[in-house]
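The data block below is input06.cif; it holds mmCIF, C-alpha atoms and all ligand atoms.
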data_run
#
loop_
_atom_site.label_atom_id
_atom_site.label_comp_id
_atom_site.auth_asym_id
_atom_site.auth_seq_id
_atom_site.Cartn_x
_atom_site.Cartn_y
_atom_site.Cartn_z
CA MET A 299 -1.08 -13.07 15.55
CA ILE A 300 -3.06 -13.33 12.34
CA GLU A 301 -0.67 -13.46 9.38
CA ILE A 302 -1.11 -14.03 5.67
CA ALA A 303 -2.41 -17.62 5.61
CA GLU A 304 -4.89 -17.18 8.45
CA ALA A 305 -6.16 -13.88 7.03
CA LYS A 306 -6.85 -15.62 3.73
CA TYR A 307 -8.51 -18.58 5.42
CA ILE A 308 -10.73 -16.53 7.74
CA THR A 309 -11.86 -14.15 5.00
CA ALA A 310 -12.72 -17.14 2.80
CA GLN A 311 -14.90 -18.40 5.66
CA ILE A 312 -16.53 -14.97 6.07
CA ASP A 313 -17.13 -14.75 2.33
CA PHE A 314 -18.75 -18.19 2.33
CA GLU A 315 -20.90 -17.67 5.43
CA LEU A 316 -21.82 -14.01 5.18
CA LYS A 317 -21.85 -12.82 1.58
CA GLY A 318 -25.23 -11.15 0.91
CA MET A 319 -26.16 -11.10 4.60
CA LYS A 320 -27.53 -7.89 6.09
CA ILE A 321 -26.05 -6.28 9.18
CA VAL A 322 -28.94 -5.02 11.30
CA LYS A 323 -26.91 -3.65 14.18
CA VAL A 324 -23.32 -2.89 15.07
CA GLU A 325 -21.97 -2.47 18.57
CA VAL A 326 -18.57 -0.83 18.98
CA ASN A 327 -16.34 -1.06 22.05
CA ARG A 328 -18.71 -2.97 24.25
CA ASN A 329 -15.65 -4.05 26.29
CA PRO A 330 -13.01 -1.33 25.84
CA HIS A 331 -9.41 -2.48 25.31
CA SER A 332 -6.40 -0.13 25.54
CA PHE A 333 -4.87 -1.51 22.37
CA ALA A 334 -7.94 -1.82 20.15
CA TRP A 335 -7.59 0.84 17.49
CA PHE A 336 -10.55 2.47 15.74
CA ASN A 337 -10.40 5.14 13.06
CA LYS A 338 -13.87 6.62 13.59
CA SER A 339 -16.34 7.22 16.41
CA PRO A 340 -18.83 4.50 17.43
CA ALA A 341 -21.63 6.65 15.96
CA GLU A 342 -19.87 6.74 12.60
CA TYR A 343 -19.46 2.96 12.60
CA GLU A 344 -23.18 2.63 13.22
CA GLN A 345 -24.04 5.12 10.52
CA ILE A 346 -21.83 3.45 7.92
CA VAL A 347 -22.41 -0.22 8.73
CA GLN A 348 -26.03 -0.50 9.86
CA ASN A 349 -28.43 -1.96 7.29
CA GLN A 350 -25.62 -2.74 4.86
CA LYS A 351 -25.22 -6.08 3.15
CA ILE A 352 -21.86 -7.78 2.89
CA LYS A 353 -20.62 -7.76 -0.68
CA GLU A 354 -17.54 -9.91 -0.17
CA ALA A 355 -14.63 -10.63 2.13
CA LYS A 356 -11.01 -10.93 1.12
CA SER A 357 -7.54 -10.45 2.50
CA SER A 358 -4.51 -8.38 1.55
CA GLY A 359 -1.42 -9.49 3.46
CA SER A 360 -2.68 -9.90 7.02
CA MET A 361 -5.52 -7.39 6.54
CA MET A 362 -8.95 -9.02 6.73
CA ARG A 363 -11.35 -6.96 4.67
CA ILE A 364 -15.14 -7.22 4.86
CA ILE A 365 -16.48 -5.13 2.00
CA LEU A 366 -20.01 -3.74 2.22
CA GLU A 367 -22.35 -2.93 -0.66
CA SER A 368 -21.57 0.78 -0.18
CA GLU A 369 -17.87 -0.14 -0.85
CA ASP A 370 -17.01 0.86 2.70
CA GLU A 371 -14.94 -1.83 4.30
CA LEU A 372 -14.38 -3.12 7.79
CA VAL A 373 -10.72 -4.01 8.11
CA PHE A 374 -9.34 -6.11 10.94
CA GLY A 375 -5.78 -7.09 11.67
CA GLU A 376 -3.02 -8.12 14.11
CA ASP A 377 -4.06 -10.10 17.20
CA ILE A 378 -7.72 -10.52 16.33
CA VAL A 379 -10.08 -13.27 17.48
CA PHE A 380 -13.44 -13.93 15.81
CA SER A 381 -16.44 -15.76 17.09
CA TYR A 382 -19.36 -16.30 14.73
CA HIS A 383 -22.39 -17.86 16.36
CA ASP A 384 -26.12 -17.86 16.97
CA GLN A 385 -27.50 -14.80 18.75
CA LYS A 386 -28.95 -17.03 21.44
CA GLN A 387 -25.50 -18.17 22.52
CA GLU A 388 -23.66 -16.30 25.22
CA VAL A 389 -21.67 -13.29 24.14
CA GLY A 390 -18.04 -12.91 25.26
CA LYS A 391 -15.95 -9.81 25.74
CA ASN A 392 -15.47 -8.03 22.44
CA GLN A 393 -14.64 -4.70 20.86
CA LEU A 394 -16.92 -4.97 17.83
CA MET A 395 -20.04 -6.97 17.22
CA LEU A 396 -22.17 -7.34 14.11
CA TYR A 397 -25.77 -8.58 14.32
CA PHE A 398 -27.19 -10.16 11.17
CA ASP A 399 -30.77 -10.52 9.99
CA HIS A 400 -30.48 -14.32 9.91
CA GLY A 401 -30.04 -14.52 13.69
CA MET A 402 -26.26 -14.84 13.78
CA VAL A 403 -23.67 -12.54 15.33
CA LEU A 404 -20.01 -11.95 14.61
CA GLU A 405 -17.94 -10.99 17.63
CA VAL A 406 -14.51 -9.47 17.05
CA ARG A 407 -12.02 -8.96 19.86
CA THR A 408 -8.32 -8.46 20.32
CA LYS A 409 -5.99 -10.16 22.75
CA LEU A 410 -2.79 -8.05 22.77
CA TYR A 411 -3.52 -5.41 20.15
CA GLY A 412 -5.51 -5.11 16.99
CA PHE A 413 -7.22 -2.70 14.66
CA PHE A 414 -10.85 -2.34 13.70
CA LEU A 415 -11.08 0.12 10.82
CA ILE A 416 -13.93 1.36 8.68
CA ALA A 417 -13.62 3.48 5.51
CA LYS A 418 -13.62 3.25 1.75
CA MET A 419 -10.51 1.84 0.12
CA ASP A 420 -9.17 5.24 -1.07
CA GLU A 421 -9.33 6.67 2.42
CA LEU A 422 -7.66 3.61 3.92
CA ILE A 423 -4.89 3.79 1.32
CA SER A 424 -4.24 7.47 1.99
CA LYS A 425 -4.36 7.23 5.78
CA ASN A 426 -2.90 3.85 6.62
CA GLN A 427 0.54 2.94 5.27
CA TYR A 428 0.18 -0.74 6.24
CA PHE A 429 -3.10 -1.06 4.40
CA SER A 430 -1.70 0.82 1.45
CA LYS A 431 1.37 -1.43 1.24
CA ALA A 432 -0.73 -4.57 1.67
CA VAL A 433 -3.20 -3.81 -1.13
CA GLN A 434 -0.53 -2.51 -3.50
CA SER A 435 1.96 -5.39 -3.14
CA ILE A 436 1.98 -8.82 -4.71
CA GLY A 437 1.21 -11.20 -1.86
CA VAL A 438 3.30 -14.27 -1.08
CA MET A 439 0.23 -16.42 -1.76
CA ASP A 440 -0.56 -14.78 -5.13
CA LYS A 441 0.31 -16.66 -8.29
CA ASP A 442 2.32 -13.64 -9.53
CA PHE A 443 4.70 -13.89 -6.57
CA THR A 444 7.92 -14.83 -8.35
CA PHE A 445 11.47 -15.41 -7.16
CA ASP A 446 12.59 -12.12 -8.75
CA TYR A 447 9.80 -10.23 -7.00
CA PHE A 448 10.76 -11.91 -3.72
CA ILE A 449 14.43 -10.90 -4.06
CA ASN A 450 13.50 -7.28 -4.87
CA ALA A 451 10.90 -6.96 -2.11
CA THR A 452 13.15 -8.40 0.59
CA ARG A 453 16.27 -6.61 -0.75
CA MET A 454 18.05 -9.88 -0.24
CA ASN A 455 20.78 -9.05 -2.73
CA ASP A 456 21.68 -5.78 -1.01
CA GLY A 457 23.83 -7.59 1.48
CA LYS A 458 22.73 -5.97 4.76
CA GLY A 459 21.00 -7.41 7.83
CA SER A 460 19.63 -10.79 8.79
CA VAL A 461 17.23 -13.19 7.13
CA LYS A 462 14.55 -12.36 9.70
CA GLU A 463 14.99 -8.66 8.97
CA ALA A 464 14.69 -9.23 5.22
CA LEU A 465 11.58 -11.40 5.48
CA ALA A 466 9.60 -10.07 8.39
CA THR A 467 10.30 -6.36 8.96
CA ASP A 468 9.35 -3.06 7.34
CA GLN A 469 6.43 -4.60 5.46
CA HIS A 470 8.79 -6.02 2.84
CA LEU A 471 6.29 -8.85 2.46
CA PRO A 472 2.90 -7.76 3.86
CA GLY A 473 1.36 -10.41 6.09
CA ILE A 474 4.65 -12.21 6.72
CA GLY A 475 5.66 -11.88 10.36
CA ASN A 476 7.73 -13.63 12.97
CA GLY A 477 5.13 -16.38 13.44
CA THR A 478 4.96 -17.39 9.79
CA ILE A 479 8.71 -17.48 9.23
CA GLN A 480 9.69 -19.92 12.02
CA ASP A 481 8.63 -23.06 10.15
CA VAL A 482 9.49 -21.51 6.77
CA LEU A 483 13.13 -21.18 7.85
CA PHE A 484 13.10 -24.65 9.41
CA GLU A 485 11.91 -25.99 6.05
CA ALA A 486 14.62 -23.97 4.24
CA LYS A 487 17.25 -25.06 6.84
CA ILE A 488 18.34 -21.46 7.45
CA ARG A 489 18.62 -19.65 10.80
CA PRO A 490 16.60 -16.43 11.29
CA GLU A 491 19.69 -14.53 12.47
CA ARG A 492 21.84 -15.57 9.48
CA LYS A 493 23.29 -12.57 7.61
CA ILE A 494 21.82 -12.34 4.12
CA ALA A 495 25.26 -11.47 2.72
CA THR A 496 26.34 -15.05 3.50
CA LEU A 497 23.45 -16.74 1.65
CA SER A 498 24.14 -18.60 -1.57
CA ASP A 499 21.76 -18.24 -4.53
CA ASN A 500 20.55 -21.73 -3.84
CA GLU A 501 19.78 -20.90 -0.20
CA LYS A 502 17.77 -17.85 -1.31
CA LYS A 503 15.80 -20.12 -3.66
CA GLU A 504 15.19 -22.55 -0.79
CA ILE A 505 13.81 -19.72 1.39
CA PHE A 506 11.53 -18.59 -1.46
CA LYS A 507 10.28 -22.13 -2.09
CA ALA A 508 9.70 -22.77 1.62
CA LEU A 509 7.81 -19.47 2.00
CA VAL A 510 5.43 -20.32 -0.83
CA LEU A 511 5.03 -23.94 0.31
CA LYS A 512 4.51 -23.29 4.02
CA THR A 513 2.02 -20.41 3.65
CA LYS A 514 -0.01 -22.63 1.31
CA THR A 515 0.21 -25.50 3.82
CA TYR A 516 -0.89 -23.30 6.73
CA PHE A 517 -3.88 -22.17 4.64
CA GLU A 518 -4.82 -25.72 3.63
CA HIS A 519 -4.89 -26.71 7.31
CA GLY A 520 -7.07 -23.77 8.32
CA GLY A 521 -4.19 -21.77 9.77
CA ARG A 522 -1.52 -22.42 12.37
CA ASP A 523 -2.59 -24.03 15.65
CA ASN A 524 -1.74 -20.90 17.65
CA THR A 525 -4.42 -18.90 15.79
CA THR A 526 -8.19 -19.32 15.58
CA ASP A 527 -10.63 -19.20 12.70
CA LEU A 528 -14.05 -17.57 12.21
CA PHE A 529 -15.67 -19.96 14.65
CA GLY A 530 -12.94 -19.62 17.28
CA ARG A 531 -11.47 -23.03 16.39
CA ASN A 532 -7.70 -23.49 16.43
CA GLY A 533 -5.96 -23.93 13.10
CA GLY A 534 -5.00 -27.47 12.10
CA TYR A 535 -1.37 -26.82 11.21
CA LYS A 536 0.87 -27.95 14.08
CA VAL A 537 3.67 -25.41 14.39
CA MET A 538 7.02 -27.20 14.70
CA MET A 539 9.22 -24.30 15.80
CA SER A 540 6.84 -23.52 18.66
CA SER A 541 7.37 -22.28 22.23
CA TYR A 542 5.71 -25.51 23.36
CA ASN A 543 8.24 -27.80 21.66
CA THR A 544 11.61 -28.49 23.20
CA PHE A 545 13.22 -30.77 20.62
CA CYS A 546 13.63 -30.74 16.85
CA PRO A 547 11.06 -33.03 15.20
CA LEU A 548 13.69 -34.19 12.68
CA CYS A 549 16.90 -34.72 14.66
CA ASN A 550 15.80 -34.40 18.29
CA THR A 551 18.37 -31.69 19.08
CA GLU A 552 17.20 -29.18 21.68
CA LEU A 553 15.70 -26.13 19.94
CA THR A 554 17.30 -22.70 20.37
CA LYS A 555 14.86 -20.06 21.57
CA LYS A 556 15.93 -16.49 22.05
CA PRO A 557 14.82 -12.93 21.52
CA PHE A 558 16.06 -11.45 18.26
CA LEU A 559 14.94 -8.25 16.53
CA GLY A 560 11.70 -7.90 18.49
CA GLY A 561 10.04 -11.24 19.16
CA LYS A 562 11.42 -14.68 19.82
CA VAL A 563 13.16 -16.82 17.23
CA ILE A 564 13.05 -20.59 17.51
CA TYR A 565 15.25 -22.87 15.43
CA CYS A 566 17.13 -26.14 15.39
CA PRO A 567 20.86 -25.37 15.80
CA SER A 568 21.65 -28.65 14.06
CA CYS A 569 19.28 -28.63 11.02
CA GLN A 570 19.42 -24.87 10.37
CA LYS A 571 22.63 -23.15 9.27
ZN ZN B 601 17.04 -30.60 13.82
#
Mind turning the file's structure into C-alpha cells?
Ligand SMILES: [Zn+2]
Amino acid sequence: MIEIAEAKYITAQIDFELKGMKIVKVEVNRNPHSFAWFNKSPAEYEQIVQNQKIKEAKSSGSMMRIILESEDELVFGEDIVFSYHDQKQEVGKNQLMLYFDHGMVLEVRTKLYGFFLIAKMDELISKNQYFSKAVQSIGVMDKDFTFDYFINATRMNDGKGSVKEALATDQHLPGIGNGTIQDVLFEAKIRPERKIATLSDNEKKEIFKALVLKTKTYFEHGGRDNTTDLFGRNGGYKVMMSSYNTFCPLCNTELTKKPFLGGKVIYCPSCQK
C-alpha cells in the first residue's frame, strides 16, 4: 500500500521525469479491475487529459497528484503500481495508461484496490473526504508538523483507544497507515495495541519523534521494500516488522504477528511495551 513516504517519493520522480511533457493519448480501463475506482467516464478522462502538459506532481498524505496545465489533476492512491517505460517495451495489465510525445508511457494499475481520479482541486475537495482531509491537513513530513499538532490530530490526550487507532485510523494523520506504523512503533518501543491512556508524556514524544524520523528514512531510501516506485523498482528501505521476518533484529525474540483493528500488527514482545 502506498503511504506518505512512497507517495512523496513517487511524485518527486514524476515531477522530475514528466514536468512539461505532453500527454498525447490516455487509455482508461484497458484491463478492468473490480476494485479500481474512477470518478468519470473513460470519454471524460480522454477529453480532459488528452493534449495536456504536466504542470507538476506532488503528494498530499498518500494521494499522488499529477497536475495538468488546465489545473485538472489525476489523483492516484491506495494499492497502486506504476510502470514508466519506453513505448516499444511490452505493456502489462493496467487500468490507466498515459502516452507521452517523447515516446514514453506511464502505466498505472492496482493490485488489491486503488483509485484513479480526475477533476480540479475544488471538485475533489467537495466530493472526496479523503482528498479533502489530505490537502487540508499538515502532513507528517511537512516542516510545520509539530508535537502539539500531532497530539491534537491523533487525540492522544483524550484517553480512549489504542496507539494504532490513534495513529492509523479515521484519517487522523493522512497517509499514515498500518504499513508505515510498524517500524515507527518498533523505533518508539511501543506496541500497536497499547492503550493511549497508559502512555507517559515521554512515550508520546518518542512516538512523535519516531514517526518523523522513520517517514523521512523511508523517503530517503526510495520507499519501503514492499512498495514500488515509478519504474516498478522496490523501495530500498528494508522493513523490520515485516511478515517475512520471524525474529526481532535487535534482541532475536520471536515477533508477535496478529490481526488487530483491521490488518495485521507485527511487533517484538520484548523490545516493545
Ligand atoms: Zn526485540
Practice prompt. Quick one: everything within 9 Å of range 360-371 of chain A, counting only C-alpha atoms, minus sequence neighbours fewer than 4 positions away in the same chain. Send it as JSON, numbers by chain.
Written response: {"A": [300, 301, 302, 303, 304, 305, 306, 308, 309, 312, 313, 318, 346, 347, 350, 351, 352, 353, 354, 355, 356, 375, 376, 415, 416, 417, 418, 419, 428, 429, 432, 433, 472, 473, 474]}
Output C-alpha atoms of each residue in that selection to a file, as a tab-separated table (two decimals), in the coordinates of the input.
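Heads up, here's the output in part_20.tsv:
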chain	number	residue	atom	x	y	z
A	300	ILE	CA	-3.06	-13.33	12.34
A	301	GLU	CA	-0.67	-13.46	9.38
A	302	ILE	CA	-1.11	-14.03	5.67
A	303	ALA	CA	-2.41	-17.62	5.61
A	304	GLU	CA	-4.89	-17.18	8.45
A	305	ALA	CA	-6.16	-13.88	7.03
A	306	LYS	CA	-6.85	-15.62	3.73
A	308	ILE	CA	-10.73	-16.53	7.74
A	309	THR	CA	-11.86	-14.15	5.00
A	312	ILE	CA	-16.53	-14.97	6.07
A	313	ASP	CA	-17.13	-14.75	2.33
A	318	GLY	CA	-25.23	-11.15	0.91
A	346	ILE	CA	-21.83	3.45	7.92
A	347	VAL	CA	-22.41	-0.22	8.73
A	350	GLN	CA	-25.62	-2.74	4.86
A	351	LYS	CA	-25.22	-6.08	3.15
A	352	ILE	CA	-21.86	-7.78	2.89
A	353	LYS	CA	-20.62	-7.76	-0.68
A	354	GLU	CA	-17.54	-9.91	-0.17
A	355	ALA	CA	-14.63	-10.63	2.13
A	356	LYS	CA	-11.01	-10.93	1.12
A	375	GLY	CA	-5.78	-7.09	11.67
A	376	GLU	CA	-3.02	-8.12	14.11
A	415	LEU	CA	-11.08	0.12	10.82
A	416	ILE	CA	-13.93	1.36	8.68
A	417	ALA	CA	-13.62	3.48	5.51
A	418	LYS	CA	-13.62	3.25	1.75
A	419	MET	CA	-10.51	1.84	0.12
A	428	TYR	CA	0.18	-0.74	6.24
A	429	PHE	CA	-3.10	-1.06	4.40
A	432	ALA	CA	-0.73	-4.57	1.67
A	433	VAL	CA	-3.20	-3.81	-1.13
A	472	PRO	CA	2.90	-7.76	3.86
A	473	GLY	CA	1.36	-10.41	6.09
A	474	ILE	CA	4.65	-12.21	6.72
Per-residue nearest contacts chain A to ligand ZN 601 (chain B), cut-off 7 Å, using only C-alpha atoms and all ligand atoms, as JSON lines:
{"residue": "A:Cys546", "atom": "CA", "partner": "B:ZN601", "partner_atom": "ZN", "distance": 4.6}
{"residue": "A:Pro547", "atom": "CA", "partner": "B:ZN601", "partner_atom": "ZN", "distance": 6.6}
{"residue": "A:Leu548", "atom": "CA", "partner": "B:ZN601", "partner_atom": "ZN", "distance": 5.0}
{"residue": "A:Cys549", "atom": "CA", "partner": "B:ZN601", "partner_atom": "ZN", "distance": 4.2}
{"residue": "A:Asn550", "atom": "CA", "partner": "B:ZN601", "partner_atom": "ZN", "distance": 6.0}
{"residue": "A:Thr551", "atom": "CA", "partner": "B:ZN601", "partner_atom": "ZN", "distance": 5.5}
{"residue": "A:Cys566", "atom": "CA", "partner": "B:ZN601", "partner_atom": "ZN", "distance": 4.7}
{"residue": "A:Pro567", "atom": "CA", "partner": "B:ZN601", "partner_atom": "ZN", "distance": 6.8}
{"residue": "A:Ser568", "atom": "CA", "partner": "B:ZN601", "partner_atom": "ZN", "distance": 5.0}
{"residue": "A:Cys569", "atom": "CA", "partner": "B:ZN601", "partner_atom": "ZN", "distance": 4.1}
Item to complete: Work out how far CA of Asn524 in chain A is from CA of Val537 in chain A, in Å to one decimal.
Response: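 A separation of 7.8 Å between them.
Among the candidates A:Leu509, A:Ile436, A:Ile494, A:Leu410, the residue lying nearest to Gly459 in chain A is A:Ile494 (atoms considered: all atoms listed in the file).
In this model, the gap between CA of Ala464 in chain A and CA of Ala334 in chain A comes to 28.1 Å.
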Practice prompt. Excluding Gly521 in chain A and any residue of its chain fewer than 5 positions from it, enumerate the residues within 6 Å of it, using only C-alpha atoms, and give them as a VMD selection string.
Written response: chain A and resid 304 516 533 535
Fill in: Nearest candidate to Leu483 in chain A (options A:Gln348, A:Asn337, A:Gln570, A:Thr496; using all atoms listed in the file)
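Among A:Gln348, A:Asn337, A:Gln570, A:Thr496, it is A:Gln570 that comes nearest to Leu483 in chain A.
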Discussion item. I'd like the neighbourhood of Asp481 in chain A as a ChimeraX atom specification, where a residue qualifies if any of its atoms comes within 12 Å (using only C-alpha atoms), though same-chain residues fewer than 5 positions away should be ignored.
Written reply: /A:475-476,486-490,505,508-513,515-516,522,535-540,546-547,563-566,570
Practice prompt. Name all residues at most 8 Å from range 380-396 of chain A (count all atoms listed in the file; drop same-chain ones fewer than 4 positions away) and give them as an NGL selection string.
Written response: :A and (321-331 or 334 or 401-408 or 414 or 526-530)
Discussion item. Please compute the CA of Phe336 in chain A-CA of Ile378 in chain A distance, one decimal, in Å.
Written reply: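 CA of Ile378 in chain A lies at a distance of 13.3 Å from CA of Phe336 in chain A.
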Give the centre and edge lengths of an axis-aligned box, in Å to one decimal, that holds all listed atoms of range 543-547 of chain A with 8 Å on each side, as lines of an AutoDock Vina configuration file.
center_x = 10.9
center_y = -30.4
center_z = 19.2
size_x = 21.4
size_y = 21.2
size_z = 24.0
Item to complete: Find, counting only C-alpha atoms, the residue in A:Phe545, A:Phe445, A:Phe314, A:Phe374 that gets nearest to Glu504 in chain A.
Response: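 Of the candidates, the smallest distance to Glu504 in chain A is held by A:Phe445.
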